[in-house]
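A short write-up of the structure that comes next.
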Amino acid sequence: MIFDVKMSDLSRKCRFVAGGHTTEAPASLTYSSVVSQDSVRIAFLIAALNNLDVQACDVTNAYLNAPCREKIWFEGGAECGEDRGKVMIIKRALYGLRSSGAAWRNMLAQTIEEMGFTSTVVDPDVWRRRAVKPSGKEYYALLLVFVDDILIISHEALKHNDTLKHIDALKQVYTHKPESVGPPAMYLGADVSKMQRASGEVCWGLSSNTYVKLAVGIVCNLLRHDGEGKDLKTTAKQPLPTSYKPETDVSQELNGDGISRYLQLIGVLRWAIELGRIDIDLEVAMMAPYSALPRVGHIEAMCNIFRYLMMH
């Protein structure tokens, strides 16, 4: 059983997974790409310029839809009930296996191709299909994929349930989380908002507000759990003190748990930057090179960045 926290939206996950780290590397490719944040921003811009609908959906237990590419077996344990002790062959792309990500992406790609979409050259996880509006204007319908989070941009909304027909096509193949289908309120951890300007033009906005607020709260709890006197009670007007130079820090080196915590903080901040907090980009870039062997002073500097986020 693996417990983890997703850096994209800070949701908690607990899964029964395979120990892929104990298996040999499969002969087939295991790389699995995802859509870039830049492509997401451009897609929302295209939606606004062309007055297109934007809807999202999230596939449930995505990997388990794909067949397993590897020849993997295990001896059934207590979780297998009356089949305990038997040889169990894994038939689906179980989480944890080396090839599962690639197996799922290939299966979804095949489904999307059957819907008439073609992968773009610059970003293979942006798919497009020629479409025509009722007015006769031609454009490309877009479909963006981040593992199991799918964003669809098109004019073709069905009036009976107000969902895009492309989502209905995906529903024929995969199970979706009901609450995830519809106009996106969040995508990849970013708040999504739709607004209308005084001129009547419709615009889309992406914000990191919810993510940053959640991140600050979680980090407060993590530091309290560490119990080493670090907290975010004080505020900071800037991400790092102007006099601080991480390369000259000779404070005590962190132990294994401290290094793990440092990496967590770097990961949270990196995603905040991806969502738009470019005001901390330089400072996080300065601290990231010390991930291999951070010191007490380095993690204190990281806390200062979170104090700045708490204040702003």
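Each chain in the structure tokens gets a letter, A, B, ..., in the order shown, and its residues are numbered from 1; ligands are numbered from 1 in order too.
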
task = Run DSSP on the backbone and grab whatever in segment 8-112 of chain A lands in helix (DSSP H, G or I); send it over as a ChimeraX atom specification.
result = /A:20-22,37-50,62-65,78-83,100-112

ask   = If you count only C-alpha atoms, which residues fall within 9 Å of segment 118-123 of chain A, apart from same-chain ones fewer than 5 positions away, as a PyMOL selection string?
value = chain A and resi 34-36+39+109+112-113+128-129

task = Find, counting only C-alpha atoms, the residue in A:Ala215, A:Ala62, A:Ala18, A:Cys57 that gets nearest to His166 of chain A.
result =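 Going through A:Ala215, A:Ala62, A:Ala18, A:Cys57 one by one, the smallest distance to His166 of chain A is for A:Cys57.
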
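Separating atom CA of Lys233 of chain A from atom CA of Tyr290 of chain A is a distance of 24.9 Å.
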
message = Can you pull out the residues contacting Gly276 of chain A? Cut-off 7 Å, using only C-alpha atoms, and skip same-chain residues under 2 positions away; I want them as a count of residues only.
response = 6
